[in-house]
Structures are given as structure tokens and as C-alpha cells.
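Notes follow the structure.
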Protein chains: 2
Amino acid sequence: MQKTKLGDQIKAIVGQDYFFDSYEDRLCYSYDAAIEEAMPEWVAMPGSVEEIARLMTLANTEGFPVYPRGAGTGLSGGSVPLKGGLVMVLTRLNRIREINQEDLYAIVETGVITSALHEQVEALGLLYPPDPASMKVTTMGGNVAENAGGLRGLKYGVTKDYVLALQVVTPAGQVVRVGSKCVKSVSGYDLTHLYVGSEGTLGIITEITVKLVPAPEHKESMMAIFDDMNMAAKTVADIIKSGVIPATLEFMDNTSINAIEDFKKIGLPRDAQAILLLETDGVKAAAQHEAEKIIAVCKANQARDVKSAATEQEKLQIWEARRTCFSALARVRPNTILEDATVPRSKIPEMVRGVTDIANKYGIQIGNFGHAGDGNLHPTILTDLRNTEEKQRVQKAIDEIFALALSLGGTLTGEHGIGSAKAKYLENEFGPEGLAVMRAIKTALDPNNILNPGKIFVADTAIA
Amino acid sequence: MQKTKLGDQIKAIVGQDYFFDSYEDRLCYSYDAAIEEAMPEWVAMPGSVEEIARLMTLANTEGFPVYPRGAGTGLSGGSVPLKGGLVMVLTRLNRIREINQEDLYAIVETGVITSALHEQVEALGLLYPPDPASMKVTTMGGNVAENAGGLRGLKYGVTKDYVLALQVVTPAGQVVRVGSKCVKSVSGYDLTHLYVGSEGTLGIITEITVKLVPAPEHKESMMAIFDDMNMAAKTVADIIKSGVIPATLEFMDNTSINAIEDFKKIGLPRDAQAILLLETDGVKAAAQHEAEKIIAVCKANQARDVKSAATEQEKLQIWEARRTCFSALARVRPNTILEDATVPRSKIPEMVRGVTDIANKYGIQIGNFGHAGDGNLHPTILTDLRNTEEKQRVQKAIDEIFALALSLGGTLTGEHGIGSAKAKYLENEFGPEGLAVMRAIKTALDPNNILNPGKIFVADTAIA
């Protein structure tokens with residue numbers, strides 16, 4: 001079918017107000033928070049599961065690619081329409097359908113903003129723990145598709161640990177329900193966790209049932225300041241070894257600290273080589289007890305100072321510093337490449353040293369911050385990609401960072417996904433055998449390769 | 001190829017000492033802890049991953065079915081060789097390869113007994129939380145294949161929540177590594193959780209990396225006695241609603257209580273309509289605080305008495321009662337059918353009433369006990385299957401129990417798996433669309449249907 005005719009059919013499904021094909025409109029949906037860009041042929045904003053199913057049936061029959069998209073905050077190119085086709089924007093499905101206080105679950109449509117769910121459940125004394133840095137903008141569907149992490153991941157786990165059930169539209173336009181509202185179910189294959197983190201390549205996630213937990217009654221926040229980055233990194237593993245799993249255990253290096261101070265003047269010590277930001281939570285006595293243990297471990301590891309937040313204001317300040325970090329680093333140079341190679345936490349000192357060596361070797365600037373407790377740092381490359389010579393050095397540095405992470409028993413991505421950016425490294429992590437199993441699943445569930453082609457796997461079969 | 005020739009080839013791979021084809025030997029591997037039985041043609045006990053890969057290559061080429069098996073404690077017929085072929089016993093792969101105290105993981109071979117891992121990690125002040133009732137006998141591989149639950153599931157989750165990575169042999173004999181030692185990884189599809197709970201139908205699990213957690217420093221155990229079963233069931237939901245997630249929240253009805261007293265004389269109140277067994281754990285002050293809250297909720301719900309275990313001895317007594325329950329019920333009649341239909345926990349009162357009504361309607365005896373906090377009860381049918389008339393009533397009762405669970409928003413199985421016993425109900429839970437996705441995955445990963453055929457799906461294509 002001709003392109004204009006296909007466009008007309010898409011428009012007929014979603015209605016004129018929710019169909020876009022002008023250059024300007026398409027440009028708005030040609031990128032996400034990663035580097036790569038590509039223009040779609042059409043953009044559609046379906047308003048119901050039925051419309052989504054009809055769009056998928058059309059795409060599957062006519063063979064055009066579909067790129068599902070939430071808020072476009074992805075950091076691995078997950079929603080970029082690499083092969084043109086249709087960008088399907090899911091933000092209109094934005095209702096919180098149910099918050100069940102007895103059975104501790106919530107049912108949300110895919111386009112619900114993550115922090116909107118946070119607010120509603122917290123007002124009821126409950127908690128939906130996953131808290132990606134972008135939570136005020138991201139959609140729940142995007143979080144599920146990418147299996148988003150966040151600051152509370154260390155104690156509470158990540159998105160996948162909270163998804164109980166999904167409604168999914170298959171590439172052929174079938175509406176499928178997987179998982180269960182029950183906290184325990186082993187009924188058939190765990191399709192729920194296959195769709196979580198599948199980056200929009202296996203189905204369109206339209207509705208999500210998530211587990212909730214009681215909100216902790218008390219929190220303790222701390223900042224530990226180190227003159228020696230290695231000691232800060234070692235402290236991370238020592239805290240866990242002491243038997244304490246803090247809710248949050250974040251790391252920032254000197255580059256990050258100074259970027260934040262340049263941006264916001266929070267009062268961080270510019271001369272510190274590293275700081276750790278920590279939070280314990282739970283029953284008050286337990287949170288305090290764990291905080292004391294943490295402070296002792298920090299001091300035993302030569303922390304110059306450990307500040308406990310005495311007031312709500314001081315608490316907010318600590319976490320503002322952390323949440324500002326990426327924006328602050330992004331101001332330093334024209335381009336910011338945020339990676340999330342992850343290692344077992346005991347390897348954090350080696351990883352931090354290795355990344356510093358790589359930065360020096362290629363003469364580029366790399367800030368290091370992130371979820372140290374999870375072994376999930378964010379080496380952040382500050383660069384100018386218009387400079388092709390520098391760009392080449394950056395690319396080599398990135399290659400080496402991933403190779404380093406894998407050599408330390410790590411993984412390519414802790415929470416951002418493979419997308420298009422890391423597809424070429426995937427075989428290095430799982431070998432040809434592991435990759436073959438993943439490809440077999442992709443082929444079985446999306447035989448015409450219409451869903452988000454070009455992601456996770458390299459050398460996708462081109463489609464019309 | 002002829003059967004004897006195939007047998008010789010299998011023997012050549014594992015060696016004469018680990019190959020069995022006598023009637024008596026085959027009989028030993030014709031059943032598990034469920035009802036169904038079937039004779040294999042051969043039994044082999046491979047001693048290495050390489051031997052397993054060679055066996056799979058042979059089976060895939062020659063087209064005979066392979067039934068992987070751990071300790072054979074499965075409750076849904078998961079390891080029964082329904083279509084003959086080879087039972088592959090994995091108990092020789094029983095080494096604990098690594099316990100990492102810094103990064104909090106352990107690597108075990110598939111045949112390691114679950115409680116052997118418990119003992120070793122607990123000696124180091126760590127905890128591997130999944131504790132299925134059969135933990136002194138079951139293998140880790142079996143636990144993973146069935147996604148086993150246990151008493152601590154409410155607070156700590158089930159097996160799937162602890163599996164970080166797997167080594168798997170595919171039906172074609174490829175050795176694949178999936179997942180990551182890192183606590184966070186979103187690299188490619190989550191194959192780990194696809195294999196967990198796949199009941200031996202997608203691959204042979206040969207090595208498992210599990211997450212460990214620090215052992216709690218303190219525990220509080222309690223027994224709450226109720227004269228009214230409905231109030232006991234309501235208490236379950238009210239405890240969670242109060243913001244406390246106990247480590248364990250178990251339920252036993254009058255039938256179960258009396259079966260235990262007949263068996264062991266622990267001193268349970270024979271006239272009680274139901275008892276709840278509870279445990280809180282963690283930092284001492286927190287565990288005590290939560291125990292106090294629980295006692296208050298029990299009393300507000302007309303508990304006749306709430307006993308707190310003051311000594312280690314009293315604690316053990318409480319949990320001995322619970323762990324004895326199934327054995328005690330199994331003594332009452334010649335056959336015991338243990339189901340695990342699960343509902344959202346607020347539906348427990350309705351479920352318990354409904355199961356009682358079904359028992360009365362068909363004139364059969366059903367004991368009710370289990371993981372009430374998870375909504376995961378074990379309606380246990382006490383029967384004599386030699387009585388064909390009674391057997392028919394039992395079958396009708398089972399059909400109605402599953403229909404009831406699904407009608408309450410529940411799931412067919414909380415922790416025992418579908419196996420052969422529940423395959424016919426699976427479509428009722430997921431519809432033809434959901435089942436089609438599961439079948440597509442099975443076909444993609446095991447195109448010749450040689451791995452555990454006859455399980456999860458009904459009407460499997462017969463194989464030679």
C-alpha cells in the first residue's frame with residue numbers, strides 16, 4: 001500500500017486530532033534522551049487498547065515498523081524510529097484504574113506518569129518503590145518496557161520486582177493478559193517478566209498491575225565525605241558486608257560534585273574526592289540502628305566527615321544534590337553520554353579506577369556517579385560530538401568501559417536497556433548461544449519484525 | 001534407531017554405573033509427589049554439564065523425550081515421564097561452587113539440596129530465603145524449575161526473586177548462560193525468569209546463581225487462636241493493612257489442627273476453628289514493634305488467645321506444627337491431593353468458605369492450611385482414589401476449587417506449578433491468546449518437543 005494511503009488508514013483509526021505527519025511533528029518524535037535520531041513517517045496517539053490493536057493489525061498486515069513511546073526519556077535509544085514507520089505515543093492512556101489497599105496493588109494504564117502514581121499511593125500510606133531519576137516525566141509503560149531502576153533499588157529492587165501482571169497487545173493485534181494480581185503465581189511461563197525489559201520489541205504494554213508495599217515510618221539520610229575515592233568505593237561493599245542493606249547508597253565523584261556546585265551551590269565540599277549519599281528506612285528504631293552501623297563503617301574507612309540530616313530540609317538538600325547530578329553534568333559540555341555498565345559491588349573500586357584510567361588514556365572528561373550499592377554506576381561522558389576527532393576517542397572509551405565491566409563479571413546495562421546504543425556489545429555478554437535464544441523468542445513473538453526493529457539485536461532483517 | 005541401541009548410546013555417555021533400564025529401577029522414577037505415574041524407558045544420572053549436553057543432542061536428533069528430575073518432590077507431576085523416554089536425574093551435580101560474602105550471591109549446581117545451601121550461608125550470617133516445606137530433600141534445580149515458594153514468601157518472596165543467573169542446556173545441547181551476577185541487569189531479554197518456573201520444558205538448568213541477604217538479627221514467633229474461621233481469615237488482610245508485612249503468616253483450619261494433634265500431640269487447641277502462625281524478623285526493636293502491632297490486630301479480630309513464643313523451644317514448636325501439617329493430613333486417608341490455588345489475600349475468607357461449601361457439596365474431606373499472607377492456601381483433599389465413585393466426586397470438587405479461585409481474581413497455582421495435573425485449566429486463566437504466546441515460546445525453544453512433553457500444555461503433539 002502507498003504511504004499516503006497507510007497514513008490515511010492510521011488516521012482513520014486514531015482520529016485526525018491524534019495523527020501527525022508534518023515535518024515539524026515528526027521531528028519532535030525523532031529522538032529520546034540518548035544520542036541517536038531518526039525520523040518516523042507518521043506519529044499516532046491512540047486513545048484506547050482497541051485502537052492500539054487495530055494499529056498493530058494494520059502494521060502487521062502491511063509490514064511497517066511500529067515504535068512504541070512513552071515520554072521519550074529513554075537513555076539507550078529505545079523509542080527512536082530507526083527504520084521509519086509509525087511512532088505510537090501512548091501518553092493518552094493515563095488513568096490510574098485502581099489502588100487496592102487490602103491486597104496492595106495498583107492497576108495503571110501505560111501512560112501514567114510514574115510520580116503521579118507515587119503521589120496517589122503515598123497519600124494512602126503506601127509506597128511504589130521504583131523511582132527512576134526521570135520519574136516526574138516518565139511513563140509507567142516506559143519504565144516497564146525498560147525495567148527502570150532508581151535510587152531505592154538497593155533495598156527495594158527495580159521495576160520488574162513490582163510488576164505483577166500486564167495487558168499487552170501483540171504484534172498481530174491480539175490483546176493478551178499475563179501474570180496475576182496474586183503476589184504468588186507460577187501458572188505457565190512467566191511472560192510478565194519476559195515483557196518487562198523487552199524494550200518494546202515483543203508487544204505493546206497497555207496496562208500494568210504493580211505491587212505496593214507499606215510506606216516506611218521513618219527515614220535517616222546521611223552524607224559521607226571522602227578524600228580518597230578508593231576508600232569511598234570500598235566503603236560501599238563494607239556497608240553491605242556489615243549486614244545493612246540501606247534503602248539508598250549513592251556515589252558521586254569530584255567531577256560530579258563540582259558540576260553540581262557550579263549549577264546549584266548546594267554547599268557540597270568541592271575538594272572532596274567522593275561522597276556517598278545514604279538513606280535507611282523502616283521502623284524508626286531499625287532505621288536509626290542501621291544508620292549508626294553505616295556511620296561506623298564510613299568512619300572506619302577514613303571518611304573525613306559523615307553528616308546526618310537533622311531536619312526534613314537537610315534531607316531534601318542531600319537528595320536534591322543527587323537528583324541534580326545528571327542535569328549538572330549535562331551543562332558542562334554540549335553532549336552528555338550517560339552509561340550504566342554495572343559490576344558486582346565489590347568490583348566498584350576497580351571499575352572506578354578503570355574508568356578514570358580510560359578517561360585519561362583518551363583525554364576525555366568522565367563524571368562518575370550513581371547507584372553504588374547496586375554496583376550500578378553512571379560513567380557520564382562530557383563531550384562535543386560535533387568534533388569528529390573527539391567523537392572517535394569517545395567511542396573507543398565507551399568500547400573499553402563496556403569491555404572492562406564485562407571483564408569484572410559485570411553487565412552492559414543495569415537499568416537503561418540495550419536499545420540501539422549497546423546492541424553491538426550484547427553478544428560479548430551472552431555469547432552466540434545466548435543471543436540465539438533471545439532471537440528465537442523475538443522471531444516467535446514478532447515474526448514480521450515490526451515491533452521496534454533495530455533494537456537489542458544488530459543486523460535486524462530489514463523490513464519494507 | 002532401536003530402543004536398545006538408544007539405551008546403549010545413553011549408557012556410553014553417562015557410564016554403566018549411572019544408567020538404569022531394569023523394571024525395578026524404572027519404577028522408582030515413574031512418579032513424584034503428585035498423583036500421576038508413568039514408566040520411563042531409561043534412567044540416566046549424568047555427572048557433568050558436558051554429559052547433559054551430549055544426552056540432549058542425542059535426544060534431539062533421535063527424537064525421544066527427556067524428563068529432567070531433581071529429588072522428585074514435585075506436587076504437580078512435573079518430573080513424571082508421561083511419554084516414556086529418558087528420566088534425567090540431576091542429583092550428581094551437587095556442589096556449592098561459591099558463596100560470595102561481599103557481593104551476596106551463591107553459585108550452586110542444580111542438584112544441591114536446598115537446606116544444604118541454607119546451612120552453609122546461615123553459618124556465615126547470611127540467608128537464602130526460599131524455604132519450601134520440602135527443603136530438606138528438594139534440589140535447587142527443582143526449586144528453580146518450579147519456582148518454589150515457602151513459608152517466608154510473604155516478606156521475602158519466592159525462588160524467582162533470588163535467581164540472578166543460570167546456566168542452561170538447551171534441547172539442542174547448547175550450553176547457555178543467562179542473567180548476571182550483578183543485582184541489576186537489563187541486558188537483553190530476561191531469559192532467567194523465563195527459565196525459572198518453566199517446569200523443565202524449555203531447558204535443563206545446570207547451575208544457579210542466587211542472591212543472598214543478611215540474616216535478620218532477631219525473630220518473634222506467635223500463634224493466634226480463633227473460634228471463628230472467618231475472623232481468622234479476615235485478620236490476615238487486616239495485618240497487612242496495618243502496614244506490617246510479617247516474614248511468615250500461616251493459616252491452619254480445624255481439620256489440619258486435629259490431624260497434627262493426632263499425629264504429634266504438640267498441644268494445639270483441638271477445638272479452635274483456625275489458628276494463625278506468625279513470625280516477624282529484622283532488627284530486634286523492629287521485629288518486636290511489628291509483633292505488638294500484629295497481636296493488637298489479632299485481638300481486635302476476636303482472637304481467643306495470642307501466644308508469643310518466649311523461648312527458642314517454643315518457637316520451634318510453633319513451626320514444627322506447621323511443617324508437620326502436610327504429613328499429618330496425609331495419614332488420615334490413603335491419598336492426599338495438595339492443591340495450591342491462590343487468591344488476592346483479601347479474598348481468603350471467601351475462598352475458605354467456598355472450599356468448605358465444595359467439600360460439603362461433594363461429601364469429601366478437605367483440610368485447609370497454608371501461606372495465608374500470600375493468599376496461597378493449600379486445600380488438601382483426603383481421599384481414597386481406589387474408590388472410583390469417590391474419585392469422581394473428588395475430581396468435580398477440584399474443578400470447582402480452581403474455578404472458584406479464578407472467579408475471585410486468583411491463579412491456578414501459587415507455588416507448585418501446572419505440570420500435568422493443571423494443564424487442562426490453563427486456558428481458563430490466560431485465554432487462548434495468552435496460551436498461544438506460551439506455546440509460541442515452547443515451539444521456538446524446543447521445536448521437537450523433546451523436553452518434558454505433556455506438561456503445562458494439553459494435547460501436546462505426540463512424538464516418536
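Each chain in the C-alpha cells gets a letter, A, B and so on, in the order shown; residues start at 1 in every chain, and ligands are counted from 1 in the order they appear.
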
message: Let's see if you can do this: from backbone DSSP, list all helix (DSSP H, G or I) residues in segment 307-457 of chain B, as a count of residues only.
response: 83

Each residue of chain B lying at most 7 Å from chain A should get a row with its shortest atom-to-atom pair and the distance in Å to one decimal, counting only C-alpha atoms; could you produce that, ordered by chain and increasing number, as a tab-separated table?
```
residue	atom	partner	partner_atom	distance
B:Gln101	CA	A:Lys241	CA	6.7
B:Glu102	CA	A:Lys241	CA	5.7
B:Asp103	CA	A:Arg345	CA	5.9
B:Asn147	CA	A:Val186	CA	6.7
B:Gln174	CA	A:Glu433	CA	6.8
B:Val176	CA	A:Gly434	CA	5.4
B:Arg177	CA	A:Gly434	CA	6.4
B:Val178	CA	A:Gly434	CA	6.7
B:Ser180	CA	A:Thr411	CA	6.6
B:Lys181	CA	A:Pro344	CA	6.6
B:Cys182	CA	A:Pro344	CA	4.9
B:Val183	CA	A:Asp374	CA	6.1
B:Lys184	CA	A:Gly414	CA	4.9
B:Ser185	CA	A:Gly414	CA	4.2
B:Val186	CA	A:Gly417	CA	5.4
B:Ser187	CA	A:Thr413	CA	5.6
B:Gly188	CA	A:Ile456	CA	6.3
B:Tyr189	CA	A:Ser198	CA	5.6
B:Asp190	CA	A:Leu194	CA	5.6
B:His193	CA	A:His193	CA	6.3
B:Leu194	CA	A:Asp190	CA	5.6
B:Gly197	CA	A:Val186	CA	6.3
B:Ser198	CA	A:Tyr189	CA	5.6
B:Pro214	CA	A:Gly243	CA	5.1
B:Ala237	CA	A:Glu102	CA	6.2
B:Lys241	CA	A:Glu102	CA	5.7
B:Gly243	CA	A:Pro214	CA	5.1
B:Val283	CA	A:Ala286	CA	5.6
B:Ala285	CA	A:Ala285	CA	6.1
B:Ala286	CA	A:Val283	CA	5.6
B:Thr342	CA	A:Cys182	CA	6.9
B:Val343	CA	A:Cys182	CA	5.9
B:Pro344	CA	A:Cys182	CA	4.9
B:Arg345	CA	A:Asp103	CA	5.9
B:Ser346	CA	A:Asp103	CA	6.0
B:Asp374	CA	A:Val183	CA	6.2
B:Gly410	CA	A:Cys182	CA	6.2
B:Thr411	CA	A:Ser185	CA	6.2
B:Leu412	CA	A:Ser187	CA	6.2
B:Thr413	CA	A:Ser187	CA	5.6
B:Gly414	CA	A:Ser185	CA	4.2
B:Glu415	CA	A:Val186	CA	5.7
B:Gly417	CA	A:Val186	CA	5.4
B:Ile418	CA	A:Ser187	CA	5.9
B:Phe430	CA	A:Arg177	CA	6.4
B:Glu433	CA	A:Val176	CA	5.7
B:Gly434	CA	A:Val176	CA	5.4
B:Met438	CA	A:Tyr189	CA	6.4
B:Ala440	CA	A:Ala444	CA	5.8
B:Ile441	CA	A:Ile441	CA	6.2
B:Ala444	CA	A:Ala440	CA	5.8
B:Leu445	CA	A:Ala440	CA	6.9
B:Ile456	CA	A:Gly188	CA	6.3
```

message: Could you list, as an MDAnalysis selection string, every residue within 9 Å of segment 135-144 of chain B, counting only C-alpha atoms and ignoring same-chain residues fewer than 2 positions away?
response: chainID B and resid 68:74 90:91 94 108:117 130:133 146:150 159:160 163 195:200 204:208

query: Which residues come within 6 Å of Glu98 of chain B, counting only C-alpha atoms, excluding same-chain residues fewer than 2 positions away, as a list in words?
result: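 So, after excluding close chain neighbours, the residues are Ile96, Ala106 and Ile107 of chain B.
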
field: Selected residue, from A:Thr280, A:Asn360, A:Gln9, A:Gln365, that lies nearest to Lys293 of chain A when counting only C-alpha atoms
entry: A:Thr280

query: So how many Å separate atom CA of Ala328 of chain A and atom CA of Phe263 of chain A, to one decimal?
result: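 Interatomic distance, atom CA of Ala328 of chain A to atom CA of Phe263 of chain A: 5.7 Å.
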
query: Between B:Val14, B:Ile318, B:Ala303, B:Ala296, which is the closest to Glu279 of chain B once you count only C-alpha atoms?
result: B:Ile318

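Shortest separation to Ala172 of chain A among A:His218, A:Arg54, A:Lys265, A:Lys3 occurs at residue A:Arg54, atoms counted being only C-alpha atoms.
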
- line: note - atom CA of Asp271 of chain B and atom CA of Asp384 of chain B are separated by 26.3 Å

field: Surrounding residues of segment 307-309 of chain A excluding itself and chain neighbours under 3 positions, 8 Å, only C-alpha atoms, as a PyMOL selection string
entry: chain A and resi 220-224+312+314-315+318
